[in-house]
$ cat model33.cif   # mmCIF, C-alpha atoms
data_entry
loop_
_atom_site.label_atom_id
_atom_site.label_comp_id
_atom_site.auth_asym_id
_atom_site.auth_seq_id
_atom_site.Cartn_x
_atom_site.Cartn_y
_atom_site.Cartn_z
CA MET A 1 -25.38 69.51 -50.08
CA VAL A 2 -26.57 70.36 -53.60
CA LEU A 3 -30.30 69.58 -53.93
CA THR A 4 -29.83 67.30 -56.95
CA SER A 5 -27.27 65.22 -55.02
CA LEU A 6 -29.65 64.89 -52.05
CA ILE A 7 -32.52 63.86 -54.34
CA SER A 8 -30.26 61.29 -56.03
CA GLN A 9 -29.14 59.82 -52.71
CA LEU A 10 -32.74 59.55 -51.46
CA PHE A 11 -33.89 58.00 -54.72
CA GLY A 12 -30.98 55.55 -54.55
CA LYS A 13 -32.12 54.43 -51.09
CA PHE A 14 -35.69 53.97 -52.33
CA ALA A 15 -34.54 52.01 -55.39
CA SER A 16 -32.35 49.72 -53.26
CA LYS A 17 -35.08 48.94 -50.72
CA LYS A 18 -36.69 45.49 -50.98
CA PHE A 19 -40.41 45.95 -50.40
CA PRO A 20 -42.83 43.09 -49.66
CA LYS A 21 -43.12 41.02 -52.81
CA PHE A 22 -46.60 42.10 -53.91
CA ILE A 23 -45.66 45.79 -53.51
CA GLN A 24 -42.34 45.27 -55.30
CA ILE A 25 -44.10 43.63 -58.23
CA ILE A 26 -46.40 46.68 -58.54
CA ILE A 27 -43.40 49.05 -58.38
CA ASN A 28 -41.44 47.08 -60.98
CA LYS A 29 -44.31 46.62 -63.41
CA SER A 30 -45.31 50.27 -63.07
CA TYR A 31 -41.76 51.38 -63.85
CA VAL A 32 -41.54 49.11 -66.91
CA SER A 33 -44.89 50.40 -68.18
CA LEU A 34 -44.19 54.07 -67.45
CA MET A 35 -40.72 54.04 -69.02
CA LYS A 36 -41.68 51.67 -71.85
CA VAL A 37 -38.83 49.29 -70.99
CA ASP A 38 -38.31 46.46 -73.49
CA MET A 39 -37.90 43.36 -71.29
CA SER A 40 -37.61 40.83 -74.14
CA GLU A 41 -33.92 40.11 -73.35
CA PHE A 42 -34.41 39.96 -69.58
CA GLN A 43 -36.23 38.13 -66.81
CA SER A 44 -39.82 39.03 -65.92
CA PRO A 45 -40.15 42.36 -64.05
CA SER A 46 -41.71 40.53 -61.11
CA SER A 47 -38.54 38.47 -60.57
CA TYR A 48 -36.41 41.43 -59.41
CA PRO A 49 -36.29 41.96 -55.60
CA SER A 50 -35.81 45.75 -55.84
CA LEU A 51 -36.10 48.55 -58.34
CA ASN A 52 -32.31 48.80 -58.38
CA ALA A 53 -32.07 45.11 -59.30
CA LEU A 54 -34.39 45.86 -62.23
CA PHE A 55 -32.26 48.87 -63.27
CA THR A 56 -29.08 46.79 -63.24
CA ARG A 57 -30.60 43.69 -64.82
CA GLU A 58 -28.38 41.21 -66.67
CA LEU A 59 -28.98 40.03 -70.20
CA ARG A 60 -30.41 36.51 -70.32
CA GLN A 61 -28.13 35.63 -73.23
CA LYS A 62 -24.91 37.13 -74.54
CA ARG A 63 -25.27 39.31 -77.61
CA GLU A 64 -23.31 38.64 -80.75
CA ILE A 65 -20.44 41.08 -81.21
CA SER A 66 -17.98 41.80 -83.99
CA VAL A 67 -14.97 39.49 -83.95
CA ASN A 68 -13.02 41.99 -86.06
CA GLN A 69 -10.05 42.94 -83.87
CA LYS A 70 -10.09 46.46 -85.33
CA SER A 71 -13.71 47.17 -84.37
CA PHE A 72 -14.77 49.11 -81.31
CA ILE A 73 -18.24 48.17 -80.06
CA SER A 74 -20.71 50.29 -78.15
CA PRO A 75 -20.21 49.85 -74.40
CA CYS A 76 -23.92 50.28 -73.71
CA ASP A 77 -27.45 50.66 -74.99
CA SER A 78 -27.89 54.38 -75.58
CA PHE A 79 -28.75 57.34 -77.79
CA ILE A 80 -25.86 59.15 -79.51
CA THR A 81 -26.39 62.82 -78.63
CA SER A 82 -23.22 63.94 -80.40
CA CYS A 83 -20.11 62.51 -82.06
CA GLY A 84 -17.38 63.63 -84.39
CA GLU A 85 -13.93 65.20 -84.18
CA THR A 86 -12.71 67.51 -81.45
CA LYS A 87 -11.30 70.89 -82.46
CA GLU A 88 -8.08 71.00 -80.47
CA ASP A 89 -9.53 70.23 -77.01
CA LEU A 90 -13.15 71.23 -77.75
CA ALA A 91 -15.92 68.65 -78.08
CA LEU A 92 -19.68 69.12 -78.39
CA GLN A 93 -21.94 68.40 -75.44
CA ILE A 94 -24.75 68.84 -77.94
CA LYS A 95 -25.05 71.03 -81.04
CA GLY A 96 -24.13 74.58 -80.08
CA PHE A 97 -22.64 73.69 -76.70
CA SER A 98 -18.93 72.88 -76.63
CA TYR A 99 -16.68 72.07 -73.66
CA SER A 100 -12.99 71.53 -73.02
CA THR A 101 -11.83 67.93 -72.89
CA ASP A 102 -8.83 69.12 -70.84
CA GLU A 103 -11.19 70.51 -68.18
CA LEU A 104 -13.39 67.42 -68.28
CA LEU A 105 -10.45 65.08 -67.68
CA GLY A 106 -9.17 67.23 -64.83
CA SER A 107 -5.77 67.78 -63.26
CA TYR A 108 -5.05 64.14 -62.41
CA ILE A 109 -4.64 63.21 -66.09
CA ASN A 110 -1.29 64.42 -67.36
CA LYS A 111 -0.92 66.95 -70.17
CA GLN A 112 0.74 64.44 -72.52
CA SER A 113 -2.25 62.09 -72.32
CA LYS A 114 -4.71 64.96 -72.76
CA ASN A 115 -2.87 66.23 -75.82
CA LYS A 116 -3.14 62.82 -77.50
CA ILE A 117 -6.90 63.19 -77.92
CA HIS A 118 -6.79 66.75 -79.28
CA ASN A 119 -8.30 66.68 -82.80
CA GLY A 120 -9.31 63.07 -82.22
CA LYS A 121 -12.75 61.47 -82.32
CA TYR A 122 -15.38 61.56 -79.57
CA ILE A 123 -18.78 59.96 -78.90
CA ASN A 124 -21.46 60.90 -76.34
CA PHE A 125 -23.69 58.00 -75.23
CA TYR A 126 -26.88 58.95 -73.33
CA LEU A 127 -28.52 56.13 -71.35
CA SER A 128 -32.17 56.84 -70.64
CA PRO A 129 -34.07 55.28 -67.71
CA LYS A 130 -35.48 52.62 -70.04
CA ASP A 131 -32.07 51.39 -71.24
CA TYR A 132 -29.98 48.41 -70.18
CA HIS A 133 -27.78 49.96 -67.46
CA ARG A 134 -24.66 47.81 -67.53
CA TYR A 135 -21.63 48.92 -69.49
CA HIS A 136 -18.95 46.80 -71.11
CA SER A 137 -15.45 47.03 -72.47
CA PRO A 138 -15.64 48.39 -76.05
CA PHE A 139 -12.31 46.85 -77.07
CA ASP A 140 -9.53 44.63 -75.76
CA MET A 141 -7.97 47.11 -73.38
CA ARG A 142 -5.86 47.89 -70.38
CA VAL A 143 -7.18 50.29 -67.74
CA LYS A 144 -4.21 52.45 -66.70
CA LYS A 145 -5.88 54.96 -64.40
CA ALA A 146 -9.22 55.83 -62.82
CA VAL A 147 -10.06 59.28 -61.48
CA HIS A 148 -13.24 60.00 -59.52
CA ILE A 149 -14.20 63.69 -59.51
CA PRO A 150 -17.16 64.52 -57.21
CA GLY A 151 -19.57 67.15 -58.52
CA LYS A 152 -23.19 68.06 -59.13
CA LEU A 153 -25.83 65.66 -60.40
CA TYR A 154 -27.80 67.58 -63.00
CA SER A 155 -29.96 65.58 -65.35
CA VAL A 156 -28.14 64.72 -68.61
CA ASN A 157 -31.18 64.42 -70.87
CA LEU A 158 -31.51 66.54 -74.02
CA LYS A 159 -33.39 69.35 -72.26
CA TRP A 160 -30.59 69.86 -69.74
CA LEU A 161 -27.80 69.43 -72.30
CA ASN A 162 -29.36 72.37 -74.14
CA LYS A 163 -29.73 74.36 -70.93
CA ILE A 164 -26.44 74.17 -68.97
CA GLN A 165 -23.09 75.03 -70.52
CA ASN A 166 -20.30 72.66 -69.39
CA LEU A 167 -22.82 70.26 -67.83
CA PHE A 168 -20.44 67.30 -68.18
CA ILE A 169 -17.72 69.28 -66.40
CA GLU A 170 -20.10 70.38 -63.61
CA ASN A 171 -21.33 66.84 -62.91
CA GLU A 172 -19.71 64.07 -60.92
CA ARG A 173 -17.69 61.75 -63.13
CA VAL A 174 -15.30 58.81 -63.25
CA ILE A 175 -12.55 58.93 -65.87
CA LEU A 176 -10.82 55.79 -67.14
CA GLU A 177 -7.59 56.22 -69.07
CA CYS A 178 -7.38 53.17 -71.32
CA GLN A 179 -4.87 51.69 -73.72
CA SER A 180 -5.36 49.41 -76.72
CA PRO A 181 -3.13 46.36 -77.32
CA ASP A 182 -0.97 48.51 -79.63
CA GLU A 183 -0.71 51.21 -76.92
CA LYS A 184 -3.07 53.76 -78.40
CA THR A 185 -4.85 55.97 -75.85
CA PHE A 186 -8.57 56.38 -75.38
CA PHE A 187 -10.69 57.62 -72.49
CA MET A 188 -14.05 56.56 -71.13
CA VAL A 189 -15.77 59.18 -68.97
CA PHE A 190 -18.77 58.08 -66.92
CA VAL A 191 -20.92 61.09 -66.04
CA GLY A 192 -23.22 61.02 -63.02
CA ALA A 193 -26.74 62.43 -63.30
CA LEU A 194 -29.92 63.10 -61.36
CA ASN A 195 -31.16 59.90 -59.67
CA VAL A 196 -28.00 57.93 -60.49
CA GLY A 197 -27.66 56.09 -57.19
CA LYS A 198 -24.15 54.83 -57.94
CA MET A 199 -21.66 54.19 -60.71
CA LYS A 200 -19.85 50.93 -60.04
CA PHE A 201 -16.87 49.20 -61.65
CA VAL A 202 -16.17 45.48 -61.52
CA PHE A 203 -12.39 45.86 -61.41
CA ASP A 204 -12.26 48.23 -58.38
CA SER A 205 -14.86 48.37 -55.60
CA ARG A 206 -13.08 51.35 -54.02
CA ILE A 207 -14.56 53.75 -56.57
CA GLU A 208 -17.53 55.16 -54.65
CA THR A 209 -19.80 57.72 -56.29
CA ASN A 210 -22.79 59.76 -55.07
CA SER A 211 -21.40 59.75 -51.54
CA SER A 212 -20.40 62.40 -49.01
CA LYS A 213 -16.83 62.42 -50.34
CA LYS A 214 -15.73 65.77 -51.74
CA GLU A 215 -12.09 65.09 -52.60
CA ILE A 216 -10.85 63.74 -55.93
CA THR A 217 -9.62 60.15 -55.73
CA TYR A 218 -7.08 58.67 -58.10
CA TYR A 219 -6.08 55.05 -58.81
CA GLU A 220 -3.30 53.61 -60.97
CA TYR A 221 -3.29 50.02 -62.22
CA GLY A 222 -0.57 47.77 -63.51
CA ASN A 223 -2.51 44.70 -64.56
CA VAL A 224 -6.18 45.51 -65.21
CA PHE A 225 -6.97 44.02 -68.62
CA LEU A 226 -10.44 43.59 -70.09
CA LYS A 227 -11.54 41.72 -73.19
CA LYS A 228 -13.98 43.26 -75.65
CA ALA A 229 -17.58 42.93 -74.38
CA GLN A 230 -16.48 41.98 -70.86
CA GLU A 231 -18.63 43.63 -68.20
CA LEU A 232 -17.08 46.86 -66.94
CA GLY A 233 -19.68 48.08 -64.46
CA ARG A 234 -23.12 49.58 -64.15
CA PHE A 235 -25.14 52.75 -63.62
CA GLU A 236 -27.82 52.48 -60.99
CA MET A 237 -30.12 54.58 -63.22
CA GLY A 238 -29.61 56.28 -66.59
CA SER A 239 -26.65 58.53 -67.34
CA THR A 240 -23.96 59.32 -69.95
CA ILE A 241 -20.67 57.84 -71.16
CA VAL A 242 -18.29 59.92 -73.27
CA MET A 243 -15.43 58.31 -75.21
CA PHE A 244 -12.38 60.12 -76.60
CA PHE A 245 -9.90 58.55 -79.01
CA GLU A 246 -6.29 59.42 -79.74
CA LYS A 247 -5.84 61.47 -82.92
CA ASP A 248 -5.74 59.33 -86.10
CA PHE A 249 -6.58 56.19 -84.11
CA VAL A 250 -10.11 55.41 -85.40
CA ASP A 251 -12.77 56.29 -87.94
CA LEU A 252 -16.33 56.50 -86.60
CA ASP A 253 -18.99 54.12 -87.91
CA ILE A 254 -21.95 55.96 -86.35
CA THR A 255 -23.66 59.35 -86.54
CA SER A 256 -25.41 61.60 -84.03
CA ASP A 257 -29.10 61.33 -83.10
CA LYS A 258 -29.22 57.54 -83.40
CA SER A 259 -30.13 54.82 -80.92
CA ILE A 260 -27.61 51.99 -80.64
CA LYS A 261 -27.17 48.80 -78.65
CA PHE A 262 -24.31 47.37 -76.67
CA GLY A 263 -22.32 45.33 -79.19
CA ASP A 264 -22.98 47.52 -82.24
CA VAL A 265 -19.81 48.62 -84.06
CA ILE A 266 -19.08 52.29 -83.35
CA ALA A 267 -15.53 52.79 -84.71
CA THR A 268 -12.79 51.03 -86.65
CA CYS A 269 -9.04 51.34 -86.08
CA ARG A 270 -7.16 52.89 -88.98
CA ALA A 271 -3.99 50.82 -88.61
#
$ encode --input "model33.cif" --output "structure tokens"
Amino acid sequence: MVLTSLISQLFGKFASKKFPKFIQIIINKSYVSLMKVDMSEFQSPSSYPSLNALFTRELRQKREISVNQKSFISPCDSFITSCGETKEDLALQIKGFSYSTDELLGSYINKQSKNKIHNGKYINFYLSPKDYHRYHSPFDMRVKKAVHIPGKLYSVNLKWLNKIQNLFIENERVILECQSPDEKTFFMVFVGALNVGKMKFVFDSRIETNSSKKEITYYEYGNVFLKKAQELGRFEMGSTIVMFFEKDFVDLDITSDKSIKFGDVIATCRA
């Protein structure tokens, strides 16, 4: 087993363990202080029965989102490490480090679907340990396919993005092939990372990450529809989401090196 995967599994077990209340309160408060977590939208740190429950905390109140049907919203709280337009099938992991979107999506996504996002827009969302860890639907959408590709669990912070070429392709990931109401294609790729205990999805409990499984698993759906802002799943620690849009589908409303919140407008449909 790769060392980073073993570390992540062990950390996941620690984070999921429910310690005696007074110890758990110390753990939770220490984590919030160390990571400088803003808890103003959440319950008190002492109310969570495990560190994992704190990681995956729910918002106390729904955030306001754009009602414009042409607006894509951010699926998460994050830092935009890179965004822009792919050059054929090349996107930037970070400035100076490109990777192939065809390789990232893997062999279980057909060539026609891959070609649709060539020369389209992309966005990399990095979720740090202090961020809200749930992710949401960025648009009214249908989930057509999910592909789970096991892999390594390197850290995805800025230091490692500048260190390892093709880090996103090396790491474990879950790929969702999505479709807008007018049948435009976009992808959401959820990239595993060091200490990510699990990536979970509300519409399919069969998707199991950071496990002993080594084979690629593939799921097709006929009737999985999600409304904009609906909960999609959660990271059990920080990680990365990458979105790819069909060519000429959207214009981006954000730039790189900016922090954003779930619900912020990130792109607008052209049509």
$ closest_atom_pairs --input "model33.cif" --of "range 226-258 of chain A" --to "range 127-131 of chain A" --cutoff "9 Å" --atoms "all atoms listed in the file" --output "JSON lines"
{"residue": "A:Met237", "atom": "CA", "partner": "A:Pro129", "partner_atom": "CA", "distance": 6.0}
{"residue": "A:Gly238", "atom": "CA", "partner": "A:Pro129", "partner_atom": "CA", "distance": 4.7}
{"residue": "A:Ser239", "atom": "CA", "partner": "A:Leu127", "partner_atom": "CA", "distance": 5.0}
{"residue": "A:Thr240", "atom": "CA", "partner": "A:Leu127", "partner_atom": "CA", "distance": 5.7}
{"residue": "A:Ile241", "atom": "CA", "partner": "A:Leu127", "partner_atom": "CA", "distance": 8.0}
$ resolve_selection --input "model33.cif" --expression "the PyMOL selection byres ((chain A and resi 120) around 7)" --output "PyMOL selection string"
chain A and resi 85-86+117-119+121-122+245-248
$ resolve_selection --input "model33.cif" --expression "the PyMOL selection byres ((chain A and resi 69) around 10)" --output "PyMOL selection string"
chain A and resi 66-68+70-72+139-140+228+268-269
$ resolve_selection --input "model33.cif" --expression "the PyMOL selection byres ((chain A and resi 134) around 9)" --output "list in words"
Phe55, Thr56, Arg57, Glu58, Pro75, Cys76, Asp77, Tyr132, His133, Tyr135, His136, Glu231, Leu232, Gly233, Arg234, Phe235 and Glu236 of chain A
$ atom_distance --input "model33.cif" --atom1 "CA of Gly84 in chain A" --atom2 "CA of Ser137 in chain A"
20.5 Å
$ residues_around --input "model33.cif" --residues "Asp257 in chain A" --least-positions-apart "5" --cutoff "10 Å" --atoms "only C-alpha atoms" --output "ChimeraX atom specification"
/A:79-83
$ axis_aligned_box --input "model33.cif" --around "range 246-261 of chain A" --padding-each-side "3 Å" --output "lines of an AutoDock Vina configuration file"
center_x = -17.9
center_y = 55.2
center_z = -83.3
size_x = 30.4
size_y = 18.8
size_z = 15.3
$ closest_residue --input "model33.cif" --among "A:Glu64, A:Asp102, A:Glu170, A:Asp204" --to "Val143 in chain A" --atoms "all atoms listed in the file"
A:Asp204
$ atom_distance --input "model33.cif" --atom1 "CA of Met35 in chain A" --atom2 "CA of Phe14 in chain A"
17.4 Å
$ closest_residue --input "model33.cif" --among "A:Lys198, A:Ser205, A:Asn124, A:Leu104" --to "Asn171 in chain A" --atoms "only C-alpha atoms"
A:Leu104
$ atom_distance --input "model33.cif" --atom1 "CA of Gln179 in chain A" --atom2 "CA of Gly263 in chain A"
19.4 Å
$ residues_around --input "model33.cif" --residues "Arg173 in chain A" --least-positions-apart "5" --cutoff "10 Å" --atoms "all atoms listed in the file" --output "list in words"
Leu104, Leu105, Val147, His148, Ile149, Pro150, Gly151, Lys152, Leu153, Phe168, Val189, Phe190, Val191, Gly192, Ala193, Met199, Thr209, Asn210, Thr240 and Ile241 of chain A
$ closest_residue --input "model33.cif" --among "A:Lys111, A:Lys227, A:Lys17, A:Lys87" --to "Arg142 in chain A" --atoms "all atoms listed in the file"
A:Lys227
$ closest_residue --input "model33.cif" --among "A:Leu54, A:Gln24, A:Ser113, A:Asp89" --to "Asp38 in chain A" --atoms "only C-alpha atoms"
A:Leu54
$ closest_residue --input "model33.cif" --among "A:Ala146, A:Ser180, A:Phe244, A:Asn223" --to "Glu208 in chain A" --atoms "only C-alpha atoms"
A:Ala146
$ residues_around --input "model33.cif" --residues "Asp264 in chain A" --least-positions-apart "6" --cutoff "8 Å" --atoms "all atoms listed in the file" --output "ChimeraX atom specification"
/A:65-66,73-74
